[in-house]
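Structure first, then comments.
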Amino acid sequence: MEFRLSEETKLLKDNAGRFLQDRCSSAFLRESVRGETGFSTALWKEMAGLGWLGLIYEERYGGVGGSFFDLCILFEEMGKVLLPTPFFCSAVLSGLLIDEAASETVKKELLPPMIGGERILTLALLDEGGRCDFSDLKMEARKGGDGSFVLTGKRILVPYAHAADEILVCAQIAGPGQNGPTVFRTTGRSQGVKIVSLDTPLTGEKLFAVFYEEAPLSRDDILGVPGRGIDYIEKVLPRAIICKCAEMVGGLARVVEMTVGYVKERRQFGRPLGALQAVQHSCADMQMHLEASRLVTYQAASLLSEGMPCEKEIAMAKAFCSDAYKKCTWSAHQIHGGIGFTEEHDLHFYYKHAKASELAFGDARFHRGRVGEAMGL
Amino acid sequence: MEFRLSEETKLLKDNAGRFLQDRCSSAFLRESVRGETGFSTALWKEMAGLGWLGLIYEERYGGVGGSFFDLCILFEEMGKVLLPTPFFCSAVLSGLLIDEAASETVKKELLPPMIGGERILTLALLDEGGRCDFSDLKMEARKGGDGSFVLTGKRILVPYAHAADEILVCAQIAGPGQNGPTVFRTTGRSQGVKIVSLDTPLTGEKLFAVFYEEAPLSRDDILGVPGRGIDYIEKVLPRAIICKCAEMVGGLARVVEMTVGYVKERRQFGRPLGALQAVQHSCADMQMHLEASRLVTYQAASLLSEGMPCEKEIAMAKAFCSDAYKKCTWSAHQIHGGIGFTEEHDLHFYYKHAKASELAFGDARFHRGRVGEAMGL
Amino acid sequence: MRFYFTEQQEKFRCQVRDFLEEQLQAGAFSVHSASLVGPVSREFSRKMAEKGWIGLTWPQKYGGQGRTYVDKMILNEELFRVQAPVGYHFSADRQVGPALMKFGSEWQREHFLPRIVRAEEGIDFCLLFSEPNAGSDLASVATRAERDGDSYIVSGQKVWTSGGHDADYGWLLAKTNLDPEVRSHLSCSEFILDMHAPGVTVRPLVNIAGVHSFNEVFLDDVRVHERYLVGRENEGFKQIMAQVDYERAGIERLMQNYPVFSRLKDHVLHLDKTALDAGRYAWIRDALAGLEVDFQTGRLLCYYTAWLVDQGGNVSSQAALTKSFCTQFEQRVNDIALQILGPVGQIGQGGPWRPPVFIEDLVESYLWGPSYTLQGGSVEILKNIVAQRGLGLPRA
Amino acid sequence: MRFYFTEQQEKFRCQVRDFLEEQLQAGAFSVHSASLVGPVSREFSRKMAEKGWIGLTWPQKYGGQGRTYVDKMILNEELFRVQAPVGYHFSADRQVGPALMKFGSEWQREHFLPRIVRAEEGIDFCLLFSEPNAGSDLASVATRAERDGDSYIVSGQKVWTSGGHDADYGWLLAKTNLDPEVRSHLSCSEFILDMHAPGVTVRPLVNIAGVHSFNEVFLDDVRVHERYLVGRENEGFKQIMAQVDYERAGIERLMQNYPVFSRLKDHVLHLDKTALDAGRYAWIRDALAGLEVDFQTGRLLCYYTAWLVDQGGNVSSQAALTKSFCTQFEQRVNDIALQILGPVGQIGQGGPWRPPVFIEDLVESYLWGPSYTLQGGSVEILKNIVAQRGLGLPRA
């Protein structure tokens, strides 16, 4: 057991933290979200310039060759300011999927511009019911002549689909000598593809529905080996989940910081709010949830990073963080009172983020199910 | 909606409360439990003399002809002192079963001495696994010649089986032209019946295992109509559950009273414990749980008493009280600190009673299942 | 004890239901959860007034019906079941009227009560209690009302003023004894303030659901005639304590999300159980039954509190207890609804596309979540009241 | 960061496990949950001493091994996994030793430490902190130690003294400055008290599980030589604050019910799922997985705290946070276990008959429940510490 961050990691953390704090004022973030793309392209370029998008990818693709653990630390820092960017969908979900699935040629084609921030990728995972059910993809790529396909199905809650150069999606190949679940590269501008903006008040990320109605695809649009689509995605999800947890830990850390800061300053009944026992106990609970969330998340991140088996640890992290973060945002609101209930205050970003993150990739109950499986139950 | 107790009910409540407070000092209760029977026979006689055992039974059986609601009020008062007696198993479980099932002759034989306290009855409900599974009784009455039966099976957690003159048990009649589930009258002193004392630290009631190994029975030992045993029991259980809830409400009321009294007196950090905000909030929560428990219980008791349909209300009462009472005993212990953790203090009787009551007749989750059914889920 | 309604009460409930059904059919409003008190519609309030349902519990001499609080609870239960747009008269009916009857002058009663009962134009009230430094802690009120001839000159800042932008009058708490040695409890008074008077500026605040429902109100030398002083000078605190009980004793704190709750039950009833994992369905069922238990228990507490009001006793502690119980239900119901629906639940009504599985207002209701346990006394304050006034524990 | 153990640590764990397995085989003790710290067995402690496992973290000059607190956590985890009978040396090892090394005189160190490390006869310590009017609030300590020549005369009453009836020595907190004007924080001192000295009376207290585990201790003019004063006169409070961290930083607060938890998992693993309602099994699985998440998270917190101790920092707040988290797990595990088992779960070991489905110690563990969140600082006190010392919030 060693709980100290390595010197390099600490450096990354400090630099990233400082950069984000400098650049991502609350006003800046509010402004960015309002634009067409839903994020600041200028900042996005800068992040790419800092090597963040390529942090975990090999140098030959323009990456930094850093550890997955460091990526989690970066997500924790981004979670503190709740920076909305396509980082997660492009450099984690899609990038990892390409890294797992694609041929060397395709990796060389896709990863460098992704890492450079010039090309944005996204992954369409959830069906119309919001489920990710590998036993029933509800997305069919019917074989046409000469190796062509026709794609039909609906995907929703797809991040930044409007800004994405490519949308990856897993579909069941159907037709003579069917090939099973397969990842395809699609674009929102193609024939038969419709992108519809969704009203999702909880998320900073912009989310879309992507409808495929007999969208034509070619054999070249297949990513990796036909029939192995689910295997690829299942290799990506654990890391995506832990990046999400790290982001939640960052958000939670900021919520605790905001709340403790507030109760030290705010006076009520003639003394600081923080002198009230009920407030103190609530703050202590938040701190306890924060430390525990961070430890379970770091544990999974570290084991994943070292390639050790950790299915149970991943599930524990998502189960614990989902509940902890949400509970703490409730407490924070309760302590802040009216001021925290205004749009002007930043607290609500975390309140929303906590709930949206709980729902993403399975809530606490879902992951306790996974823990149960790992226990042999 | 009318939330006032009627004058008669109030009188009963006050008298019973005063009687119990006078007679059931903590020392007296501790003393009673230690004896052979596990309760004070002197007090038992007195209770019978007051008409309590016959409160709800018709006058022609020696009863008072009072309402079921009044019986619940009595249980609430008994719950306050946690009086251990065979009242529940004799005058509720068994008495009601007889009232539902028995012929007029048998009622005239059994009810008057039960009501007079001369004869103690009990009901053996739970199988060896602690379940009450009507689809698999695990108790068989095999037909012998000339209308005789041989009873085989195990029952556990049977209250006061050692002191009971009769033990009622529901068994599946097996053999030619089988007759289905049927209630039998048995006694612990008969051939093939063994009574074993159980170590049940949570209960004030003494509980036993009753083992039947080919115990001979005659046709006369059948209570009511063969094959209708479960119907009878299902008519009794709702009332038993609500008596139990009322007892829990009484226990909870006493816990709140003890705790509030304690925090007013006890000084810590130079002021009454009750001046601490955390203690105040905890006490307020307890009071909230008490009032809510009482209202849901009274609701079910009152509707039952008036013969109105109330399956959902019964389930709600047991679901709510089970959790509320337990939670409050935890809080009470937390507030009392070390002193409450000693055998000398009375608090632990309630701590135990809360948990045992939760487990009796289905816990909160079980009864939420019933509520769900009533909701059509 | 009787846990059902009288025939007359049932009949009354039916009348209210029929009226609301009619209004819904006519498109007078739509069922929409989330906001604290339904939207403002003078037209709707006028219709209610015609029925005699404003001032239901008030004495007949002020235009009321002299009926019980249990009747009023029935009325409100039905109104909130469909989130009827009662905003125009709600504060006046709930708090202002009872306060005037208890503390107001005869002129004030005659001037305001009949107009409220008739939902006349210009009687929409808001409450001017909270200030930036006096939220839960009203004793820190700093707004001053200085005597000037037969008037008071009021200056200060109020905040969290629900409906302040629509209101015609504000029910104001301000300091009238400016001696810093005198405790607030003995130095504040209550006034009725004309929101259209010179010097009143209302600045909208947008809440975290993106809705403008409350405001900051700036008072700059606003002149208030002494006949608008309610009750006795410097006794505002004593008065207000009795008034907020009415705010807390209502069923609205249990039913702000009733449409969401009701739609959730509907949704689950129509779930295709065969397509669902058995364990997951068992959990949904348990969670929903748990909500039902809490809802029904909260409802009992509400009716019990109303009944106590009818008995004429002091209900401070009981009202605080009831509200404390109910608001916690409000927060839980949205949380669980979102867990049951899963990711699609977070899609709101604003976009061009809605998922097949969809509960209107759900996300928005979740966003209103933090307010439930804050408005009208935070849960902490309510528990203090239960502990101190109800159980007799000493002040901290 | 590294979330696994070194090879050396794994090896150490195996050694401990092998030793315990051996002892279990030999019938030296049996696995039994519930009690706060395993029963007293000098014989067992002596065997541990032979292995060098008492004073594991202490410097070699006092007979210790100079190893890390993480190693000690590994040792304790294995000991508590089987509830080994460590009662004889536990307090001395956990608190007395570290306190003497920090504040004791050279004579005290040489006199006690090597004997503790060897588990010699007569070194069983109990803690004499709490008093009838000074539980969570140690500042109210009233026991007096008055100077008399080269001794102190001690009078007063202590309570909740775990193991007081077996102990040879008591670690005593008493007032040495009797000036009522001086705050307790500046007027108390720490002593080592001979429990066999004239004037010491130990009265057993039976707890709600029916077990005699703690005591009242009456001190009647007990003479204590000044060389048994630990640290500086009147600085007992400052000293004690540092010491209790060791009490709180352990894994024992997470693992008092480990056997119950482990048997519960076993029980559920072997349930006949086909005989079970699917919904009920889903709930059991969810509940058990929830316990596992909390247990594993608590375990991480424990190791993290131990690691922090090894780094030499102040761990007050961290230890309080860890204990606060862990004790709540302890309470929950028994509650859920009983819900899973249902009515049969309440049958204890004492009767002549046990049900086929049975978890030893379960009821008894449930009866110990209230103590978990009280001993060694109630959860409330722990949260105060986290808030005030950890987060810098002002004293109430």
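Naming works like this for the structure tokens: A, B, ... for the chains as they're shown, residue 1 at the start of each chain, ligands 1 onward in shown order.
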
- request: Kindly determine which residues of chain C lie within 7 Å of chain B, considering only C-alpha atoms, and give the answer as number ranges by chain.
  value: C: 1-5, 269, 285-286, 289-290, 293, 297, 300-301, 304, 321, 383-384, 386-387, 393-396

- request: Quick one: pick out all alpha helix (DSSP H) residues within range 168-264 of chain B from a backbone DSSP run and write them as a ChimeraX atom specification.
  value: /B:229-264

Include N, CA, C and O atoms and write out the residues we just selected as a short mmCIF file (atom, residue, chain, number, x, y, z; two decimals), in the first residue's frame.
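Saved result, part21.cif, follows:
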```cif
data_model
loop_
_atom_site.label_atom_id
_atom_site.label_comp_id
_atom_site.auth_asym_id
_atom_site.auth_seq_id
_atom_site.Cartn_x
_atom_site.Cartn_y
_atom_site.Cartn_z
N GLY B 229 -58.18 -24.38 7.44
CA GLY B 229 -57.24 -23.86 8.43
C GLY B 229 -56.59 -22.54 8.04
O GLY B 229 -56.52 -21.60 8.84
N ILE B 230 -56.16 -22.48 6.79
CA ILE B 230 -55.44 -21.27 6.38
C ILE B 230 -56.39 -20.07 6.32
O ILE B 230 -56.02 -18.96 6.71
N ASP B 231 -57.60 -20.29 5.85
CA ASP B 231 -58.58 -19.19 5.82
C ASP B 231 -58.75 -18.59 7.20
O ASP B 231 -58.79 -17.38 7.39
N TYR B 232 -58.89 -19.48 8.18
CA TYR B 232 -59.06 -18.99 9.56
C TYR B 232 -57.87 -18.14 9.98
O TYR B 232 -58.01 -17.05 10.51
N ILE B 233 -56.68 -18.71 9.76
CA ILE B 233 -55.48 -18.01 10.22
C ILE B 233 -55.35 -16.67 9.51
O ILE B 233 -54.98 -15.65 10.10
N GLU B 234 -55.66 -16.67 8.23
CA GLU B 234 -55.56 -15.41 7.49
C GLU B 234 -56.55 -14.36 7.97
O GLU B 234 -56.36 -13.17 7.73
N LYS B 235 -57.60 -14.81 8.62
CA LYS B 235 -58.52 -13.82 9.20
C LYS B 235 -57.99 -13.26 10.51
O LYS B 235 -58.35 -12.16 10.93
N VAL B 236 -57.16 -14.06 11.16
CA VAL B 236 -56.64 -13.64 12.47
C VAL B 236 -55.40 -12.73 12.32
O VAL B 236 -55.24 -11.75 13.05
N LEU B 237 -54.56 -13.06 11.34
CA LEU B 237 -53.27 -12.38 11.23
C LEU B 237 -53.36 -10.85 11.14
O LEU B 237 -52.59 -10.16 11.81
N PRO B 238 -54.27 -10.30 10.33
CA PRO B 238 -54.31 -8.84 10.25
C PRO B 238 -54.48 -8.19 11.63
O PRO B 238 -53.80 -7.22 11.95
N ARG B 239 -55.36 -8.77 12.44
CA ARG B 239 -55.56 -8.18 13.77
C ARG B 239 -54.35 -8.39 14.66
O ARG B 239 -53.96 -7.51 15.43
N ALA B 240 -53.72 -9.57 14.52
CA ALA B 240 -52.51 -9.82 15.31
C ALA B 240 -51.44 -8.80 14.95
O ALA B 240 -50.76 -8.24 15.82
N ILE B 241 -51.30 -8.54 13.66
CA ILE B 241 -50.26 -7.60 13.20
C ILE B 241 -50.52 -6.21 13.77
O ILE B 241 -49.59 -5.53 14.22
N ILE B 242 -51.76 -5.80 13.79
CA ILE B 242 -52.03 -4.45 14.27
C ILE B 242 -51.90 -4.36 15.79
O ILE B 242 -51.46 -3.34 16.33
N CYS B 243 -52.24 -5.42 16.51
CA CYS B 243 -51.95 -5.43 17.96
C CYS B 243 -50.45 -5.28 18.17
O CYS B 243 -49.99 -4.54 19.05
N LYS B 244 -49.68 -5.99 17.36
CA LYS B 244 -48.22 -5.91 17.46
C LYS B 244 -47.76 -4.48 17.18
O LYS B 244 -46.92 -3.92 17.90
N CYS B 245 -48.33 -3.86 16.15
CA CYS B 245 -47.96 -2.47 15.83
C CYS B 245 -48.29 -1.54 17.00
O CYS B 245 -47.51 -0.65 17.34
N ALA B 246 -49.46 -1.76 17.60
CA ALA B 246 -49.86 -0.90 18.71
C ALA B 246 -48.87 -1.06 19.87
O ALA B 246 -48.48 -0.09 20.51
N GLU B 247 -48.46 -2.30 20.12
CA GLU B 247 -47.47 -2.55 21.16
C GLU B 247 -46.17 -1.83 20.83
O GLU B 247 -45.52 -1.24 21.70
N MET B 248 -45.79 -1.84 19.55
CA MET B 248 -44.58 -1.15 19.12
C MET B 248 -44.71 0.35 19.33
O MET B 248 -43.75 1.02 19.75
N VAL B 249 -45.88 0.88 19.02
CA VAL B 249 -46.10 2.32 19.23
C VAL B 249 -45.93 2.66 20.71
O VAL B 249 -45.31 3.66 21.07
N GLY B 250 -46.47 1.79 21.57
CA GLY B 250 -46.30 2.02 23.00
C GLY B 250 -44.84 2.00 23.40
O GLY B 250 -44.36 2.88 24.13
N GLY B 251 -44.10 1.03 22.89
CA GLY B 251 -42.67 0.95 23.19
C GLY B 251 -41.95 2.19 22.72
O GLY B 251 -41.14 2.79 23.44
N LEU B 252 -42.27 2.58 21.50
CA LEU B 252 -41.63 3.76 20.92
C LEU B 252 -41.95 5.01 21.75
O LEU B 252 -41.07 5.85 21.99
N ALA B 253 -43.18 5.11 22.18
CA ALA B 253 -43.58 6.27 22.98
C ALA B 253 -42.73 6.35 24.25
O ALA B 253 -42.25 7.42 24.65
N ARG B 254 -42.54 5.19 24.87
CA ARG B 254 -41.75 5.16 26.10
C ARG B 254 -40.29 5.52 25.83
O ARG B 254 -39.65 6.20 26.63
N VAL B 255 -39.77 5.07 24.70
CA VAL B 255 -38.39 5.37 24.35
C VAL B 255 -38.21 6.88 24.17
O VAL B 255 -37.24 7.46 24.66
N VAL B 256 -39.16 7.50 23.50
CA VAL B 256 -39.07 8.95 23.31
C VAL B 256 -39.14 9.65 24.67
O VAL B 256 -38.35 10.55 24.97
N GLU B 257 -40.06 9.19 25.49
CA GLU B 257 -40.23 9.79 26.81
C GLU B 257 -38.94 9.67 27.64
O GLU B 257 -38.49 10.64 28.25
N MET B 258 -38.38 8.45 27.65
CA MET B 258 -37.14 8.23 28.41
C MET B 258 -36.03 9.14 27.91
O MET B 258 -35.26 9.71 28.69
N THR B 259 -35.93 9.23 26.59
CA THR B 259 -34.81 9.96 26.00
C THR B 259 -34.95 11.45 26.23
O THR B 259 -33.99 12.12 26.62
N VAL B 260 -36.16 11.96 26.02
CA VAL B 260 -36.37 13.39 26.23
C VAL B 260 -36.13 13.72 27.71
O VAL B 260 -35.48 14.73 28.04
N GLY B 261 -36.62 12.86 28.58
CA GLY B 261 -36.38 13.07 30.01
C GLY B 261 -34.90 13.08 30.33
O GLY B 261 -34.41 13.95 31.07
N TYR B 262 -34.19 12.17 29.75
CA TYR B 262 -32.75 12.06 30.03
C TYR B 262 -31.99 13.30 29.57
O TYR B 262 -31.18 13.84 30.31
N VAL B 263 -32.28 13.76 28.35
CA VAL B 263 -31.49 14.88 27.84
C VAL B 263 -31.84 16.20 28.51
O VAL B 263 -31.08 17.15 28.45
N LYS B 264 -32.99 16.23 29.16
CA LYS B 264 -33.30 17.44 29.90
C LYS B 264 -32.49 17.51 31.19
O LYS B 264 -32.14 18.58 31.68
#
```

Compile the residues of chain C that lie within 10 Å of chain D, evaluated using only C-alpha atoms, and express the compilation as a PDB file with all heavy atoms, in the first residue's frame.
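result.pdb, written as the output of this step:
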```pdb
ATOM      1  N   ASP C 277     -35.604  -7.426 -15.699  1.00  0.00           N
ATOM      2  CA  ASP C 277     -34.921  -8.279 -14.743  1.00  0.00           C
ATOM      3  C   ASP C 277     -35.778  -8.358 -13.464  1.00  0.00           C
ATOM      4  O   ASP C 277     -36.249  -7.343 -12.950  1.00  0.00           O
ATOM      5  CB  ASP C 277     -33.567  -7.624 -14.472  1.00  0.00           C
ATOM      6  CG  ASP C 277     -32.824  -8.291 -13.345  1.00  0.00           C
ATOM      7  OD1 ASP C 277     -32.583  -9.497 -13.446  1.00  0.00           O
ATOM      8  OD2 ASP C 277     -32.520  -7.591 -12.366  1.00  0.00           O
ATOM      9  N   ALA C 278     -35.991  -9.588 -12.973  1.00  0.00           N
ATOM     10  CA  ALA C 278     -36.895  -9.774 -11.824  1.00  0.00           C
ATOM     11  C   ALA C 278     -36.402  -9.003 -10.601  1.00  0.00           C
ATOM     12  O   ALA C 278     -37.181  -8.403  -9.867  1.00  0.00           O
ATOM     13  CB  ALA C 278     -37.005 -11.256 -11.485  1.00  0.00           C
ATOM     14  N   GLY C 279     -35.109  -9.011 -10.403  1.00  0.00           N
ATOM     15  CA  GLY C 279     -34.549  -8.314  -9.245  1.00  0.00           C
ATOM     16  C   GLY C 279     -34.800  -6.826  -9.352  1.00  0.00           C
ATOM     17  O   GLY C 279     -35.145  -6.172  -8.373  1.00  0.00           O
ATOM     18  N   ARG C 280     -34.624  -6.308 -10.549  1.00  0.00           N
ATOM     19  CA  ARG C 280     -34.829  -4.869 -10.727  1.00  0.00           C
ATOM     20  C   ARG C 280     -36.296  -4.507 -10.506  1.00  0.00           C
ATOM     21  O   ARG C 280     -36.604  -3.520  -9.851  1.00  0.00           O
ATOM     22  CB  ARG C 280     -34.384  -4.430 -12.126  1.00  0.00           C
ATOM     23  CG  ARG C 280     -34.507  -2.945 -12.305  1.00  0.00           C
ATOM     24  CD  ARG C 280     -33.714  -2.385 -13.457  1.00  0.00           C
ATOM     25  NE  ARG C 280     -34.190  -1.037 -13.737  1.00  0.00           N
ATOM     26  CZ  ARG C 280     -33.854   0.042 -13.032  1.00  0.00           C
ATOM     27  NH1 ARG C 280     -32.992  -0.083 -12.052  1.00  0.00           N
ATOM     28  NH2 ARG C 280     -34.357   1.232 -13.305  1.00  0.00           N
ATOM     29  N   TYR C 281     -37.180  -5.322 -11.003  1.00  0.00           N
ATOM     30  CA  TYR C 281     -38.592  -5.013 -10.785  1.00  0.00           C
ATOM     31  C   TYR C 281     -38.931  -5.079  -9.295  1.00  0.00           C
ATOM     32  O   TYR C 281     -39.678  -4.239  -8.783  1.00  0.00           O
ATOM     33  CB  TYR C 281     -39.505  -5.942 -11.596  1.00  0.00           C
ATOM     34  CG  TYR C 281     -40.956  -5.560 -11.392  1.00  0.00           C
ATOM     35  CD1 TYR C 281     -41.423  -4.339 -11.853  1.00  0.00           C
ATOM     36  CD2 TYR C 281     -41.823  -6.390 -10.691  1.00  0.00           C
ATOM     37  CE1 TYR C 281     -42.741  -3.957 -11.640  1.00  0.00           C
ATOM     38  CE2 TYR C 281     -43.144  -6.013 -10.471  1.00  0.00           C
ATOM     39  CZ  TYR C 281     -43.596  -4.791 -10.946  1.00  0.00           C
ATOM     40  OH  TYR C 281     -44.880  -4.401 -10.720  1.00  0.00           O
ATOM     41  N   ALA C 282     -38.372  -6.065  -8.611  1.00  0.00           N
ATOM     42  CA  ALA C 282     -38.625  -6.176  -7.173  1.00  0.00           C
ATOM     43  C   ALA C 282     -38.170  -4.909  -6.465  1.00  0.00           C
ATOM     44  O   ALA C 282     -38.837  -4.411  -5.558  1.00  0.00           O
ATOM     45  CB  ALA C 282     -37.909  -7.395  -6.605  1.00  0.00           C
ATOM     46  N   TRP C 283     -37.028  -4.393  -6.895  1.00  0.00           N
ATOM     47  CA  TRP C 283     -36.554  -3.163  -6.267  1.00  0.00           C
ATOM     48  C   TRP C 283     -37.489  -1.995  -6.561  1.00  0.00           C
ATOM     49  O   TRP C 283     -37.854  -1.228  -5.666  1.00  0.00           O
ATOM     50  CB  TRP C 283     -35.133  -2.814  -6.728  1.00  0.00           C
ATOM     51  CG  TRP C 283     -34.817  -1.422  -6.312  1.00  0.00           C
ATOM     52  CD1 TRP C 283     -34.566  -0.997  -5.035  1.00  0.00           C
ATOM     53  CD2 TRP C 283     -34.825  -0.241  -7.132  1.00  0.00           C
ATOM     54  NE1 TRP C 283     -34.410   0.369  -5.017  1.00  0.00           N
ATOM     55  CE2 TRP C 283     -34.557   0.855  -6.278  1.00  0.00           C
ATOM     56  CE3 TRP C 283     -35.031  -0.012  -8.490  1.00  0.00           C
ATOM     57  CZ2 TRP C 283     -34.488   2.164  -6.765  1.00  0.00           C
ATOM     58  CZ3 TRP C 283     -34.963   1.303  -8.965  1.00  0.00           C
ATOM     59  CH2 TRP C 283     -34.691   2.359  -8.108  1.00  0.00           C
ATOM     60  N   ARG C 285     -40.586  -2.017  -7.245  1.00  0.00           N
ATOM     61  CA  ARG C 285     -41.822  -2.220  -6.499  1.00  0.00           C
ATOM     62  C   ARG C 285     -41.638  -1.812  -5.034  1.00  0.00           C
ATOM     63  O   ARG C 285     -42.457  -1.115  -4.441  1.00  0.00           O
ATOM     64  CB  ARG C 285     -42.146  -3.702  -6.586  1.00  0.00           C
ATOM     65  CG  ARG C 285     -43.513  -4.096  -6.243  1.00  0.00           C
ATOM     66  CD  ARG C 285     -43.680  -5.496  -6.827  1.00  0.00           C
ATOM     67  NE  ARG C 285     -44.922  -6.086  -6.408  1.00  0.00           N
ATOM     68  CZ  ARG C 285     -45.034  -6.888  -5.350  1.00  0.00           C
ATOM     69  NH1 ARG C 285     -43.993  -7.176  -4.619  1.00  0.00           N
ATOM     70  NH2 ARG C 285     -46.213  -7.383  -5.039  1.00  0.00           N
ATOM     71  N   ASP C 286     -40.529  -2.241  -4.470  1.00  0.00           N
ATOM     72  CA  ASP C 286     -40.244  -1.913  -3.078  1.00  0.00           C
ATOM     73  C   ASP C 286     -40.070  -0.408  -2.897  1.00  0.00           C
ATOM     74  O   ASP C 286     -40.601   0.181  -1.953  1.00  0.00           O
ATOM     75  CB  ASP C 286     -38.974  -2.655  -2.646  1.00  0.00           C
ATOM     76  CG  ASP C 286     -38.657  -2.415  -1.187  1.00  0.00           C
ATOM     77  OD1 ASP C 286     -39.491  -2.784  -0.346  1.00  0.00           O
ATOM     78  OD2 ASP C 286     -37.590  -1.845  -0.887  1.00  0.00           O
TER      79      ASP C 286
END
```

Who sits within 9 Å of Phe358 in chain D, only C-alpha atoms, same chain under 3 positions skipped, as an MDAnalysis selection string: chainID D and resid 267 341 344:345 347:348 354:355 362

Residues of the last selection are to be written out with N, CA and C atoms, as a short mmCIF file (atom, residue, chain, number, x, y, z; two decimals), in the first residue's frame.
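Result file follows (part_29.cif):
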```cif
data_model
loop_
_atom_site.label_atom_id
_atom_site.label_comp_id
_atom_site.auth_asym_id
_atom_site.auth_seq_id
_atom_site.Cartn_x
_atom_site.Cartn_y
_atom_site.Cartn_z
N HIS D 267 -23.49 -18.05 4.29
CA HIS D 267 -24.88 -18.47 4.36
C HIS D 267 -25.60 -18.14 3.05
N LEU D 341 -31.75 -13.29 7.67
CA LEU D 341 -32.10 -14.58 8.28
C LEU D 341 -33.56 -14.66 8.67
N VAL D 344 -35.67 -16.76 12.53
CA VAL D 344 -34.74 -17.73 13.15
C VAL D 344 -33.46 -17.08 13.59
N GLY D 345 -33.12 -15.96 12.97
CA GLY D 345 -31.86 -15.30 13.30
C GLY D 345 -31.78 -14.87 14.75
N ILE D 347 -32.51 -16.56 17.33
CA ILE D 347 -32.23 -17.65 18.26
C ILE D 347 -30.74 -17.66 18.57
N GLY D 348 -30.43 -17.64 19.86
CA GLY D 348 -29.04 -17.54 20.28
C GLY D 348 -28.42 -18.91 20.53
N ARG D 354 -30.81 -25.45 18.17
CA ARG D 354 -30.47 -24.40 17.21
C ARG D 354 -31.07 -24.72 15.87
N PRO D 355 -31.54 -23.70 15.19
CA PRO D 355 -32.18 -23.95 13.90
C PRO D 355 -31.16 -24.37 12.86
N LEU D 362 -24.93 -14.11 16.13
CA LEU D 362 -25.62 -13.02 15.46
C LEU D 362 -26.45 -12.17 16.42
#
```

query: Taking the backbone alone, and naming residues the way the document does, which bits of range 239-342 of chain A are strand (DSSP E) by DSSP, as a list in words?
result: Arg267, Gln268, Arg271 and Pro272 of chain A

Between CA of Asn234 in chain D and CA of Gly149 in chain D, distance in Å (one decimal):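 CA of Gly149 in chain D lies at a distance of 17.4 Å from CA of Asn234 in chain D.
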
query: Contacts of Leu20 in chain C at 12 Å or less, counting only C-alpha atoms, minus same-chain residues fewer than 3 places along, as a PyMOL selection string?
result: chain C and resi 13-17+23-31+44+47-48+51+75-86

- request: Could you check how far CA of Val260 in chain C sits from CA of Asp199 in chain A, in Å to one decimal?
  value: 18.1 Å

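Closest approach to Val196 in chain B from the set B:Met139, B:Met78, B:Ala161, B:Ala124 is made by B:Ala161, with distances taken over only C-alpha atoms.
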
query: Could you name the residues that touch Leu308 in chain D at 10 Å or less, counting only C-alpha atoms, but leaving out those on the same chain fewer than 4 positions away, as a PyMOL selection string?
result: (chain A and resi 2-4) or (chain D and resi 69-70+249+302-304+312-315+318-319)

query: Do you know which residues are at most 9 Å from range 170-185 of chain C counting only C-alpha atoms, after dropping those on the same chain fewer than 2 positions away, and could you put them as JSON, numbers by chain?
result: {"C": [96, 124, 125, 126, 127, 128, 129, 130, 138, 139, 140, 141, 142, 143, 144, 145, 146, 147, 152, 154, 155, 156, 164, 167, 168, 187, 188, 189, 190, 191, 192, 193, 194, 195, 233, 234, 235, 236, 237, 238, 240]}
